[in-house]
Amino acid sequence: MSGKAICLGETMAQVTPADGEGLEHSRELRLAVAGAESTVAQYLADLGHEAAWVSRVGDDPFGRRIVAAVASRGVDTHGALLDSTAPTGVYFKDPGPEGTRVHYYRAGSAASRMTAADADRVDLTGVRLLHLTGITPALSEGCADLVDALMTRAADTGTTVSFDVNHRPALWSSREEAAERLLALARRADVVLVGRDEAETLWSTATADDVRDHLAPHGTLVVKDGDVGATEFAATGSEFVAAPVVDVVEAVGAGDAFAAGYLSGLLDGSSPAERLALGHRLAGRTLRSIEDYVPATFDEGN
């Protein structure tokens with residue numbers, strides 16, 4: 001193992017049609033677990049790192065199932081609290097000819113009730129990496145305060161902060177608000193991951209170079225450009241690695257898989273090209289599946 005990583009954010013119960021039909025016509029549904037930050041934690045544990053997930057879920061069947069599932073994959077879940085006063089969030093995948101749409105039912109969830117006080121239960125002693133995303137500050141002002149408090153504490157302790165922009169338009173009151181607040185958070189992080197398309201939506205940046213110039217990051221920036229490839233920008237220069245050709249089953253979750261692969265390489269001291277390639281490999285694994293998290297036992301030749 002190469003040092004502990006803590007991932008903080010909401011995880012929800014995920015409902016997916018078992019037959020691949022849309023929700024309107026499907027006769028059978030599958031229940032799974034999905035959340036950007038816990039997905040990253042599971043992949044990091046899968047790759048041999050000591051990983052922890054911090055959150056709140058409802059003290060209900062969904063919440064207990066989520067904690068048990070994440071823990072079963074080797075992730076420390078002691079920081080995932082069961083809240084008896086609020087429910088676990090749920091989201092539904094709705095596959096269709098033009099791709100999969102996602103329907104969220106997370107308003108008032110236990111995770112959205114986190115505040116800066118929750119930072120007191122995040123011990124960064126000996127932690128090398130704190131992973132956050134732009135989803136958490138969009139859930140509530142309390143969650144935004146929590147992210148701010150953790151970034152401040154990480155700076156004081158020398159803990160590397162990785163921030164995946166993960167723009168979710170439905171969670172923000174306007175694009176302008178999201179653009180301003182996500183930009184401010186990205187500029188505070190040591191490692192920033194962002195999709196070229198979401199950056200263009202937020203900041204009207206057309207190319208990876210434009211994203212770098214607009215963010216002016218103080219650390220490392222990774223711009224993901226779908227099936228084209230990904231570029232790392234750092235003080236020592238830039239590195240581009242093309243994405244391998246993949247027969248895509250579903251794209252949901254691929255960004256989190258890429259983040260986990262890249263961060264695993266970072267923790268292992270791999271070269272920029274190696275960590276970008278590992279990100280692509282894990283993303284490809286997810287793209288060939290309907291699951292958000294696909295364990296290492298998955299046959300990557302599928």
# chains A, B, ... in the order shown; residues from 1 in each chain; ligands from 1
>>> residues_around(residues="Leu150 (chain A)", least_positions_apart="5", cutoff="10 Å", atoms="only C-alpha atoms", output="VMD selection string")
chain A and resid 8 116 118 to 120 122 124 130 132 145 155 to 156 161
>>> closest_atom_pairs(of="region 161-224 of chain A", to="region 230-254 of chain A", cutoff="7 Å", atoms="only C-alpha atoms", output="tab-separated table")
residue	atom	partner	partner_atom	distance
A:Gly219	CA	A:Ala234	CA	6.5
A:Thr220	CA	A:Ala234	CA	4.7
A:Leu221	CA	A:Phe233	CA	5.1
A:Val222	CA	A:Glu232	CA	4.4
A:Val223	CA	A:Thr231	CA	5.3
A:Lys224	CA	A:Ala230	CA	4.4
>>> write_last_selection(atoms="C-alpha atoms", output="mmCIF file, in the first residue's frame")
data_model
loop_
_atom_site.group_PDB
_atom_site.id
_atom_site.type_symbol
_atom_site.label_atom_id
_atom_site.label_comp_id
_atom_site.auth_asym_id
_atom_site.auth_seq_id
_atom_site.Cartn_x
_atom_site.Cartn_y
_atom_site.Cartn_z
ATOM 1 C CA GLY A 219 -0.881 22.226 -9.178
ATOM 2 C CA THR A 220 -1.733 19.535 -11.727
ATOM 3 C CA LEU A 221 -4.631 19.677 -14.170
ATOM 4 C CA VAL A 222 -6.050 16.702 -16.067
ATOM 5 C CA VAL A 223 -8.429 17.404 -18.940
ATOM 6 C CA LYS A 224 -10.418 14.397 -20.134
#
>>> closest_residue(among="A:Gly96, A:Ala5, A:Ala107, A:Ser38", to="Ser26 (chain A)", atoms="only C-alpha atoms")
A:Gly96
>>> closest_residue(among="A:Arg73, A:His167, A:Arg175, A:His25", to="His49 (chain A)", atoms="only C-alpha atoms")
A:Arg73
>>> closest_residue(among="A:Ala69, A:Ala259, A:Ala184, A:Ala86", to="His214 (chain A)", atoms="only C-alpha atoms")
A:Ala184
>>> select_by_dssp(residues="region 142-301 of chain A", states="strand (DSSP E)", output="PyMOL selection string")
chain A and resi 160-164+191-195+220-225+229-234+237-242
>>> residues_around(residues="Ala260 (chain A)", least_positions_apart="6", cutoff="7 Å", atoms="only C-alpha atoms", output="ChimeraX atom specification")
/A:40,43-44,279
>>> write_last_selection(atoms="N, CA, C and O atoms", output="PDB file, in the first residue's frame")
ATOM      1  N   VAL A  40     -14.590   5.901  -6.514  1.00  0.00           N
ATOM      2  CA  VAL A  40     -13.143   6.113  -6.539  1.00  0.00           C
ATOM      3  C   VAL A  40     -12.478   5.337  -5.401  1.00  0.00           C
ATOM      4  O   VAL A  40     -11.441   4.683  -5.605  1.00  0.00           O
ATOM      5  N   TYR A  43     -12.265   1.592  -6.269  1.00  0.00           N
ATOM      6  CA  TYR A  43     -11.219   1.301  -7.241  1.00  0.00           C
ATOM      7  C   TYR A  43      -9.835   1.413  -6.616  1.00  0.00           C
ATOM      8  O   TYR A  43      -8.943   0.609  -6.897  1.00  0.00           O
ATOM      9  N   LEU A  44      -9.628   2.428  -5.775  1.00  0.00           N
ATOM     10  CA  LEU A  44      -8.317   2.575  -5.127  1.00  0.00           C
ATOM     11  C   LEU A  44      -8.016   1.366  -4.250  1.00  0.00           C
ATOM     12  O   LEU A  44      -6.881   0.853  -4.243  1.00  0.00           O
ATOM     13  N   GLY A 279      -5.813   5.403 -15.985  1.00  0.00           N
ATOM     14  CA  GLY A 279      -7.139   6.014 -15.966  1.00  0.00           C
ATOM     15  C   GLY A 279      -7.979   5.545 -17.134  1.00  0.00           C
ATOM     16  O   GLY A 279      -9.154   5.174 -16.979  1.00  0.00           O
TER      17      GLY A 279
END
>>> select_by_dssp(residues="region 117-284 of chain A", states="helix (DSSP H, G or I)", output="ChimeraX atom specification")
/A:117-121,136-139,141-157,169-171,175-188,196-203,208-215,254-267,272-284
>>> residues_around(residues="Ser112 (chain A)", least_positions_apart="5", cutoff="10 Å", atoms="only C-alpha atoms", output="list of chain:residue names")
A:Gly9, A:Glu10, A:Ser55, A:Arg56, A:Val57, A:Ala86, A:Pro87, A:Thr88, A:Gly89, A:Arg106, A:Ala107, A:Thr136, A:Pro137, A:Ala138, A:Leu139, A:Ser140, A:Glu141, A:Gly142, A:Cys143, A:Ala144
>>> write_last_selection(atoms="N, CA and C atoms", output="PDB file, in the first residue's frame")
ATOM      1  N   GLY A   9     -18.152  12.125   0.024  1.00  0.00           N
ATOM      2  CA  GLY A   9     -19.271  12.537  -0.817  1.00  0.00           C
ATOM      3  C   GLY A   9     -20.439  11.573  -0.723  1.00  0.00           C
ATOM      4  N   GLU A  10     -21.530  11.963  -1.353  1.00  0.00           N
ATOM      5  CA  GLU A  10     -22.770  11.187  -1.273  1.00  0.00           C
ATOM      6  C   GLU A  10     -22.734   9.936  -2.138  1.00  0.00           C
ATOM      7  N   SER A  55     -19.140   9.853   4.628  1.00  0.00           N
ATOM      8  CA  SER A  55     -20.411  10.390   4.151  1.00  0.00           C
ATOM      9  C   SER A  55     -21.464  10.226   5.247  1.00  0.00           C
ATOM     10  N   ARG A  56     -22.693  10.506   4.869  1.00  0.00           N
ATOM     11  CA  ARG A  56     -23.862  10.166   5.666  1.00  0.00           C
ATOM     12  C   ARG A  56     -24.871   9.490   4.748  1.00  0.00           C
ATOM     13  N   VAL A  57     -25.522   8.470   5.262  1.00  0.00           N
ATOM     14  CA  VAL A  57     -26.628   7.814   4.566  1.00  0.00           C
ATOM     15  C   VAL A  57     -27.769   7.657   5.558  1.00  0.00           C
ATOM     16  N   ALA A  86     -32.989  11.397   8.235  1.00  0.00           N
ATOM     17  CA  ALA A  86     -33.073  11.732   6.809  1.00  0.00           C
ATOM     18  C   ALA A  86     -32.853  10.475   5.976  1.00  0.00           C
ATOM     19  N   PRO A  87     -33.406  10.440   4.770  1.00  0.00           N
ATOM     20  CA  PRO A  87     -33.304   9.228   3.943  1.00  0.00           C
ATOM     21  C   PRO A  87     -32.031   9.160   3.123  1.00  0.00           C
ATOM     22  N   THR A  88     -31.772   7.978   2.604  1.00  0.00           N
ATOM     23  CA  THR A  88     -30.707   7.775   1.629  1.00  0.00           C
ATOM     24  C   THR A  88     -31.201   8.222   0.260  1.00  0.00           C
ATOM     25  N   GLY A  89     -30.358   8.912  -0.496  1.00  0.00           N
ATOM     26  CA  GLY A  89     -30.729   9.312  -1.849  1.00  0.00           C
ATOM     27  C   GLY A  89     -30.829   8.111  -2.773  1.00  0.00           C
ATOM     28  N   ARG A 106     -32.727  12.941  -4.534  1.00  0.00           N
ATOM     29  CA  ARG A 106     -31.756  13.100  -3.449  1.00  0.00           C
ATOM     30  C   ARG A 106     -32.023  14.332  -2.587  1.00  0.00           C
ATOM     31  N   ALA A 107     -33.035  15.143  -2.914  1.00  0.00           N
ATOM     32  CA  ALA A 107     -33.322  16.347  -2.123  1.00  0.00           C
ATOM     33  C   ALA A 107     -33.617  15.957  -0.676  1.00  0.00           C
ATOM     34  N   THR A 136     -20.521  17.495  -4.191  1.00  0.00           N
ATOM     35  CA  THR A 136     -20.788  17.745  -2.772  1.00  0.00           C
ATOM     36  C   THR A 136     -21.159  19.192  -2.473  1.00  0.00           C
ATOM     37  N   PRO A 137     -20.414  20.204  -2.918  1.00  0.00           N
ATOM     38  CA  PRO A 137     -20.802  21.574  -2.583  1.00  0.00           C
ATOM     39  C   PRO A 137     -22.116  22.005  -3.216  1.00  0.00           C
ATOM     40  N   ALA A 138     -22.603  21.260  -4.219  1.00  0.00           N
ATOM     41  CA  ALA A 138     -23.870  21.601  -4.849  1.00  0.00           C
ATOM     42  C   ALA A 138     -25.072  21.041  -4.084  1.00  0.00           C
ATOM     43  N   LEU A 139     -24.826  20.127  -3.144  1.00  0.00           N
ATOM     44  CA  LEU A 139     -25.938  19.488  -2.436  1.00  0.00           C
ATOM     45  C   LEU A 139     -26.623  20.423  -1.444  1.00  0.00           C
ATOM     46  N   SER A 140     -25.848  21.285  -0.792  1.00  0.00           N
ATOM     47  CA  SER A 140     -26.398  22.214   0.201  1.00  0.00           C
ATOM     48  C   SER A 140     -25.303  23.181   0.612  1.00  0.00           C
ATOM     49  N   GLU A 141     -25.691  24.264   1.263  1.00  0.00           N
ATOM     50  CA  GLU A 141     -24.692  25.204   1.760  1.00  0.00           C
ATOM     51  C   GLU A 141     -23.855  24.554   2.857  1.00  0.00           C
ATOM     52  N   GLY A 142     -24.484  23.677   3.639  1.00  0.00           N
ATOM     53  CA  GLY A 142     -23.732  22.960   4.662  1.00  0.00           C
ATOM     54  C   GLY A 142     -22.645  22.097   4.053  1.00  0.00           C
ATOM     55  N   CYS A 143     -22.968  21.424   2.955  1.00  0.00           N
ATOM     56  CA  CYS A 143     -21.972  20.601   2.269  1.00  0.00           C
ATOM     57  C   CYS A 143     -20.874  21.468   1.660  1.00  0.00           C
ATOM     58  N   ALA A 144     -21.262  22.641   1.137  1.00  0.00           N
ATOM     59  CA  ALA A 144     -20.259  23.568   0.598  1.00  0.00           C
ATOM     60  C   ALA A 144     -19.308  24.029   1.699  1.00  0.00           C
TER      61      ALA A 144
END
>>> closest_residue(among="A:Leu287, A:Leu202, A:Ala208, A:Met151", to="Asp190 (chain A)", atoms="only C-alpha atoms")
A:Met151
>>> residues_around(residues="Ala71 (chain A)", least_positions_apart="6", cutoff="12 Å", atoms="only C-alpha atoms", output="list of chain:residue names")
A:Val33, A:Ser38, A:Thr39, A:Ala41, A:Gln42, A:Ala45, A:Asp46, A:Ala51, A:Ala52, A:Trp53, A:Val54, A:Arg64, A:Arg65, A:Thr77, A:His78, A:Gly79, A:Ala80
>>> write_last_selection(atoms="N, CA and C atoms", output="mmCIF file, in the first residue's frame")
data_model
loop_
_atom_site.group_PDB
_atom_site.id
_atom_site.type_symbol
_atom_site.label_atom_id
_atom_site.label_comp_id
_atom_site.auth_asym_id
_atom_site.auth_seq_id
_atom_site.Cartn_x
_atom_site.Cartn_y
_atom_site.Cartn_z
ATOM 1 N N VAL A 33 -25.348 0.083 -5.952
ATOM 2 C CA VAL A 33 -24.800 1.179 -5.147
ATOM 3 C C VAL A 33 -23.953 2.055 -6.061
ATOM 4 N N SER A 38 -17.357 7.277 -3.509
ATOM 5 C CA SER A 38 -17.198 5.899 -3.033
ATOM 6 C C SER A 38 -16.730 4.990 -4.166
ATOM 7 N N THR A 39 -17.106 5.308 -5.398
ATOM 8 C CA THR A 39 -16.603 4.539 -6.540
ATOM 9 C C THR A 39 -15.095 4.678 -6.651
ATOM 10 N N ALA A 41 -13.065 5.395 -4.206
ATOM 11 C CA ALA A 41 -12.495 4.675 -3.066
ATOM 12 C C ALA A 41 -12.431 3.173 -3.333
ATOM 13 N N GLN A 42 -13.479 2.612 -3.943
ATOM 14 C CA GLN A 42 -13.496 1.174 -4.225
ATOM 15 C C GLN A 42 -12.420 0.795 -5.229
ATOM 16 N N ALA A 45 -9.012 0.891 -3.499
ATOM 17 C CA ALA A 45 -8.818 -0.307 -2.679
ATOM 18 C C ALA A 45 -8.530 -1.515 -3.566
ATOM 19 N N ASP A 46 -9.236 -1.594 -4.690
ATOM 20 C CA ASP A 46 -9.042 -2.689 -5.642
ATOM 21 C C ASP A 46 -7.611 -2.704 -6.168
ATOM 22 N N ALA A 51 -7.929 2.867 1.435
ATOM 23 C CA ALA A 51 -8.895 3.903 1.078
ATOM 24 C C ALA A 51 -10.044 3.928 2.075
ATOM 25 N N ALA A 52 -10.538 5.128 2.341
ATOM 26 C CA ALA A 52 -11.677 5.317 3.240
ATOM 27 C C ALA A 52 -12.720 6.180 2.546
ATOM 28 N N TRP A 53 -13.978 5.957 2.888
ATOM 29 C CA TRP A 53 -15.091 6.748 2.354
ATOM 30 C C TRP A 53 -15.833 7.385 3.518
ATOM 31 N N VAL A 54 -16.054 8.689 3.417
ATOM 32 C CA VAL A 54 -16.734 9.447 4.462
ATOM 33 C C VAL A 54 -18.014 10.042 3.901
ATOM 34 N N ARG A 64 -27.988 1.101 4.861
ATOM 35 C CA ARG A 64 -27.237 -0.023 5.426
ATOM 36 C C ARG A 64 -26.666 -0.908 4.317
ATOM 37 N N ARG A 65 -27.420 -1.069 3.251
ATOM 38 C CA ARG A 65 -26.929 -1.864 2.118
ATOM 39 C C ARG A 65 -25.715 -1.188 1.477
ATOM 40 N N THR A 77 -15.181 2.166 6.015
ATOM 41 C CA THR A 77 -16.440 2.909 6.014
ATOM 42 C C THR A 77 -16.809 3.435 7.409
ATOM 43 N N HIS A 78 -15.844 3.492 8.314
ATOM 44 C CA HIS A 78 -16.157 3.987 9.650
ATOM 45 C C HIS A 78 -16.623 5.440 9.627
ATOM 46 N N GLY A 79 -16.278 6.168 8.591
ATOM 47 C CA GLY A 79 -16.704 7.559 8.476
ATOM 48 C C GLY A 79 -18.032 7.742 7.775
ATOM 49 N N ALA A 80 -18.707 6.646 7.445
ATOM 50 C CA ALA A 80 -20.028 6.722 6.815
ATOM 51 C C ALA A 80 -21.086 6.528 7.897
#
>>> closest_residue(among="A:Leu47, A:Ala13, A:Ala18, A:Ala189", to="Pro61 (chain A)", atoms="only C-alpha atoms")
A:Ala13
>>> atom_distance(atom1="CA of Ala277 (chain A)", atom2="CA of His131 (chain A)")
19.8 Å
>>> residues_around(residues="region 92-95 of chain A", least_positions_apart="6", cutoff="9 Å", atoms="only C-alpha atoms", output="PyMOL selection string")
chain A and resi 13-17+20-24+101-105+250
>>> write_last_selection(atoms="N, CA and C atoms", output="PDB file, in the first residue's frame")
ATOM      1  N   ALA A  13     -28.534   4.769  -3.516  1.00  0.00           N
ATOM      2  CA  ALA A  13     -29.028   3.512  -4.065  1.00  0.00           C
ATOM      3  C   ALA A  13     -29.308   3.750  -5.544  1.00  0.00           C
ATOM      4  N   GLN A  14     -28.879   2.826  -6.368  1.00  0.00           N
ATOM      5  CA  GLN A  14     -29.046   2.957  -7.815  1.00  0.00           C
ATOM      6  C   GLN A  14     -30.014   1.888  -8.318  1.00  0.00           C
ATOM      7  N   VAL A  15     -31.009   2.322  -9.071  1.00  0.00           N
ATOM      8  CA  VAL A  15     -32.003   1.400  -9.635  1.00  0.00           C
ATOM      9  C   VAL A  15     -31.851   1.404 -11.154  1.00  0.00           C
ATOM     10  N   THR A  16     -31.669   0.202 -11.724  1.00  0.00           N
ATOM     11  CA  THR A  16     -31.409   0.068 -13.156  1.00  0.00           C
ATOM     12  C   THR A  16     -32.302  -1.013 -13.751  1.00  0.00           C
ATOM     13  N   PRO A  17     -32.903  -0.794 -14.916  1.00  0.00           N
ATOM     14  CA  PRO A  17     -33.663  -1.859 -15.572  1.00  0.00           C
ATOM     15  C   PRO A  17     -32.780  -3.066 -15.846  1.00  0.00           C
ATOM     16  N   GLY A  20     -32.387  -3.944 -19.753  1.00  0.00           N
ATOM     17  CA  GLY A  20     -31.851  -2.967 -20.686  1.00  0.00           C
ATOM     18  C   GLY A  20     -32.900  -2.080 -21.320  1.00  0.00           C
ATOM     19  N   GLU A  21     -34.175  -2.309 -21.005  1.00  0.00           N
ATOM     20  CA  GLU A  21     -35.248  -1.463 -21.513  1.00  0.00           C
ATOM     21  C   GLU A  21     -35.322  -0.175 -20.696  1.00  0.00           C
ATOM     22  N   GLY A  22     -36.038   0.811 -21.214  1.00  0.00           N
ATOM     23  CA  GLY A  22     -36.241   2.042 -20.466  1.00  0.00           C
ATOM     24  C   GLY A  22     -37.125   1.810 -19.261  1.00  0.00           C
ATOM     25  N   LEU A  23     -37.066   2.723 -18.301  1.00  0.00           N
ATOM     26  CA  LEU A  23     -37.851   2.578 -17.072  1.00  0.00           C
ATOM     27  C   LEU A  23     -39.352   2.475 -17.352  1.00  0.00           C
ATOM     28  N   GLU A  24     -39.795   3.140 -18.381  1.00  0.00           N
ATOM     29  CA  GLU A  24     -41.229   3.177 -18.669  1.00  0.00           C
ATOM     30  C   GLU A  24     -41.783   1.803 -19.039  1.00  0.00           C
ATOM     31  N   ARG A 101     -30.316   8.188 -19.607  1.00  0.00           N
ATOM     32  CA  ARG A 101     -30.652   9.358 -18.804  1.00  0.00           C
ATOM     33  C   ARG A 101     -30.686   8.932 -17.341  1.00  0.00           C
ATOM     34  N   VAL A 102     -30.425   9.890 -16.453  1.00  0.00           N
ATOM     35  CA  VAL A 102     -30.370   9.598 -15.026  1.00  0.00           C
ATOM     36  C   VAL A 102     -31.359  10.500 -14.298  1.00  0.00           C
ATOM     37  N   HIS A 103     -32.141   9.899 -13.409  1.00  0.00           N
ATOM     38  CA  HIS A 103     -33.143  10.631 -12.630  1.00  0.00           C
ATOM     39  C   HIS A 103     -32.773  10.535 -11.149  1.00  0.00           C
ATOM     40  N   TYR A 104     -32.520  11.688 -10.526  1.00  0.00           N
ATOM     41  CA  TYR A 104     -32.082  11.729  -9.134  1.00  0.00           C
ATOM     42  C   TYR A 104     -33.238  12.066  -8.195  1.00  0.00           C
ATOM     43  N   TYR A 105     -33.262  11.378  -7.053  1.00  0.00           N
ATOM     44  CA  TYR A 105     -34.200  11.681  -5.973  1.00  0.00           C
ATOM     45  C   TYR A 105     -33.363  11.780  -4.697  1.00  0.00           C
ATOM     46  N   GLU A 250     -22.209   1.534 -21.810  1.00  0.00           N
ATOM     47  CA  GLU A 250     -22.808   2.671 -21.115  1.00  0.00           C
ATOM     48  C   GLU A 250     -21.692   3.547 -20.568  1.00  0.00           C
TER      49      GLU A 250
END
>>> closest_residue(among="A:Asp268, A:Asp256, A:Asp148, A:Asp292", to="His280 (chain A)", atoms="only C-alpha atoms")
A:Asp256
>>> atom_distance(atom1="CA of Gly48 (chain A)", atom2="CA of Glu274 (chain A)")
16.5 Å
>>> atom_distance(atom1="CA of Gly229 (chain A)", atom2="CA of Val165 (chain A)")
17.5 Å
>>> decode(residues="region 191-211 of chain A", atoms="N, CA, C and O atoms", output="PDB file, in the first residue's frame")
ATOM      1  N   VAL A 191      -4.715  18.756  -7.390  1.00  0.00           N
ATOM      2  CA  VAL A 191      -4.947  17.993  -8.612  1.00  0.00           C
ATOM      3  C   VAL A 191      -6.392  18.241  -9.034  1.00  0.00           C
ATOM      4  O   VAL A 191      -7.316  18.027  -8.247  1.00  0.00           O
ATOM      5  N   VAL A 192      -6.587  18.692 -10.253  1.00  0.00           N
ATOM      6  CA  VAL A 192      -7.927  18.964 -10.772  1.00  0.00           C
ATOM      7  C   VAL A 192      -8.193  18.051 -11.957  1.00  0.00           C
ATOM      8  O   VAL A 192      -7.347  17.925 -12.859  1.00  0.00           O
ATOM      9  N   LEU A 193      -9.366  17.400 -11.949  1.00  0.00           N
ATOM     10  CA  LEU A 193      -9.794  16.586 -13.076  1.00  0.00           C
ATOM     11  C   LEU A 193     -11.084  17.186 -13.628  1.00  0.00           C
ATOM     12  O   LEU A 193     -12.016  17.466 -12.868  1.00  0.00           O
ATOM     13  N   VAL A 194     -11.127  17.374 -14.944  1.00  0.00           N
ATOM     14  CA  VAL A 194     -12.317  17.963 -15.551  1.00  0.00           C
ATOM     15  C   VAL A 194     -12.463  17.452 -16.973  1.00  0.00           C
ATOM     16  O   VAL A 194     -11.478  17.222 -17.678  1.00  0.00           O
ATOM     17  N   GLY A 195     -13.702  17.248 -17.388  1.00  0.00           N
ATOM     18  CA  GLY A 195     -13.962  16.879 -18.769  1.00  0.00           C
ATOM     19  C   GLY A 195     -13.898  18.105 -19.661  1.00  0.00           C
ATOM     20  O   GLY A 195     -14.338  19.186 -19.272  1.00  0.00           O
ATOM     21  N   ARG A 196     -13.344  17.938 -20.861  1.00  0.00           N
ATOM     22  CA  ARG A 196     -13.263  19.087 -21.765  1.00  0.00           C
ATOM     23  C   ARG A 196     -14.647  19.632 -22.086  1.00  0.00           C
ATOM     24  O   ARG A 196     -14.856  20.847 -22.176  1.00  0.00           O
ATOM     25  N   ASP A 197     -15.629  18.729 -22.236  1.00  0.00           N
ATOM     26  CA  ASP A 197     -16.982  19.162 -22.567  1.00  0.00           C
ATOM     27  C   ASP A 197     -17.634  19.922 -21.415  1.00  0.00           C
ATOM     28  O   ASP A 197     -18.289  20.951 -21.629  1.00  0.00           O
ATOM     29  N   GLU A 198     -17.463  19.438 -20.168  1.00  0.00           N
ATOM     30  CA  GLU A 198     -18.078  20.153 -19.052  1.00  0.00           C
ATOM     31  C   GLU A 198     -17.383  21.492 -18.809  1.00  0.00           C
ATOM     32  O   GLU A 198     -18.016  22.474 -18.422  1.00  0.00           O
ATOM     33  N   ALA A 199     -16.075  21.536 -19.069  1.00  0.00           N
ATOM     34  CA  ALA A 199     -15.361  22.806 -18.941  1.00  0.00           C
ATOM     35  C   ALA A 199     -15.876  23.809 -19.968  1.00  0.00           C
ATOM     36  O   ALA A 199     -16.022  25.005 -19.669  1.00  0.00           O
ATOM     37  N   GLU A 200     -16.173  23.338 -21.178  1.00  0.00           N
ATOM     38  CA  GLU A 200     -16.709  24.236 -22.201  1.00  0.00           C
ATOM     39  C   GLU A 200     -18.084  24.754 -21.795  1.00  0.00           C
ATOM     40  O   GLU A 200     -18.405  25.932 -21.992  1.00  0.00           O
ATOM     41  N   THR A 201     -18.901  23.883 -21.206  1.00  0.00           N
ATOM     42  CA  THR A 201     -20.218  24.307 -20.726  1.00  0.00           C
ATOM     43  C   THR A 201     -20.092  25.357 -19.634  1.00  0.00           C
ATOM     44  O   THR A 201     -20.819  26.357 -19.616  1.00  0.00           O
ATOM     45  N   LEU A 202     -19.153  25.140 -18.718  1.00  0.00           N
ATOM     46  CA  LEU A 202     -19.006  26.044 -17.584  1.00  0.00           C
ATOM     47  C   LEU A 202     -18.308  27.345 -17.950  1.00  0.00           C
ATOM     48  O   LEU A 202     -18.743  28.434 -17.552  1.00  0.00           O
ATOM     49  N   TRP A 203     -17.206  27.235 -18.674  1.00  0.00           N
ATOM     50  CA  TRP A 203     -16.305  28.377 -18.831  1.00  0.00           C
ATOM     51  C   TRP A 203     -16.033  28.765 -20.287  1.00  0.00           C
ATOM     52  O   TRP A 203     -15.170  29.605 -20.557  1.00  0.00           O
ATOM     53  N   SER A 204     -16.745  28.145 -21.219  1.00  0.00           N
ATOM     54  CA  SER A 204     -16.594  28.455 -22.647  1.00  0.00           C
ATOM     55  C   SER A 204     -15.160  28.240 -23.137  1.00  0.00           C
ATOM     56  O   SER A 204     -14.659  28.984 -23.991  1.00  0.00           O
ATOM     57  N   THR A 205     -14.508  27.231 -22.613  1.00  0.00           N
ATOM     58  CA  THR A 205     -13.146  26.872 -23.022  1.00  0.00           C
ATOM     59  C   THR A 205     -13.233  25.738 -24.034  1.00  0.00           C
ATOM     60  O   THR A 205     -13.742  24.672 -23.718  1.00  0.00           O
ATOM     61  N   ALA A 206     -12.715  25.961 -25.231  1.00  0.00           N
ATOM     62  CA  ALA A 206     -12.919  24.993 -26.310  1.00  0.00           C
ATOM     63  C   ALA A 206     -11.902  23.860 -26.323  1.00  0.00           C
ATOM     64  O   ALA A 206     -12.210  22.757 -26.757  1.00  0.00           O
ATOM     65  N   THR A 207     -10.688  24.112 -25.847  1.00  0.00           N
ATOM     66  CA  THR A 207      -9.628  23.111 -25.927  1.00  0.00           C
ATOM     67  C   THR A 207      -9.031  22.867 -24.544  1.00  0.00           C
ATOM     68  O   THR A 207      -9.249  23.644 -23.600  1.00  0.00           O
ATOM     69  N   ALA A 208      -8.233  21.797 -24.443  1.00  0.00           N
ATOM     70  CA  ALA A 208      -7.556  21.513 -23.176  1.00  0.00           C
ATOM     71  C   ALA A 208      -6.637  22.662 -22.784  1.00  0.00           C
ATOM     72  O   ALA A 208      -6.547  23.041 -21.604  1.00  0.00           O
ATOM     73  N   ASP A 209      -5.956  23.246 -23.756  1.00  0.00           N
ATOM     74  CA  ASP A 209      -5.091  24.383 -23.469  1.00  0.00           C
ATOM     75  C   ASP A 209      -5.891  25.571 -22.941  1.00  0.00           C
ATOM     76  O   ASP A 209      -5.435  26.293 -22.051  1.00  0.00           O
ATOM     77  N   ASP A 210      -7.075  25.771 -23.502  1.00  0.00           N
ATOM     78  CA  ASP A 210      -7.943  26.851 -23.016  1.00  0.00           C
ATOM     79  C   ASP A 210      -8.335  26.621 -21.559  1.00  0.00           C
ATOM     80  O   ASP A 210      -8.393  27.567 -20.765  1.00  0.00           O
ATOM     81  N   VAL A 211      -8.629  25.373 -21.223  1.00  0.00           N
ATOM     82  CA  VAL A 211      -9.000  25.050 -19.837  1.00  0.00           C
ATOM     83  C   VAL A 211      -7.847  25.380 -18.903  1.00  0.00           C
ATOM     84  O   VAL A 211      -8.022  26.005 -17.847  1.00  0.00           O
TER      85      VAL A 211
END
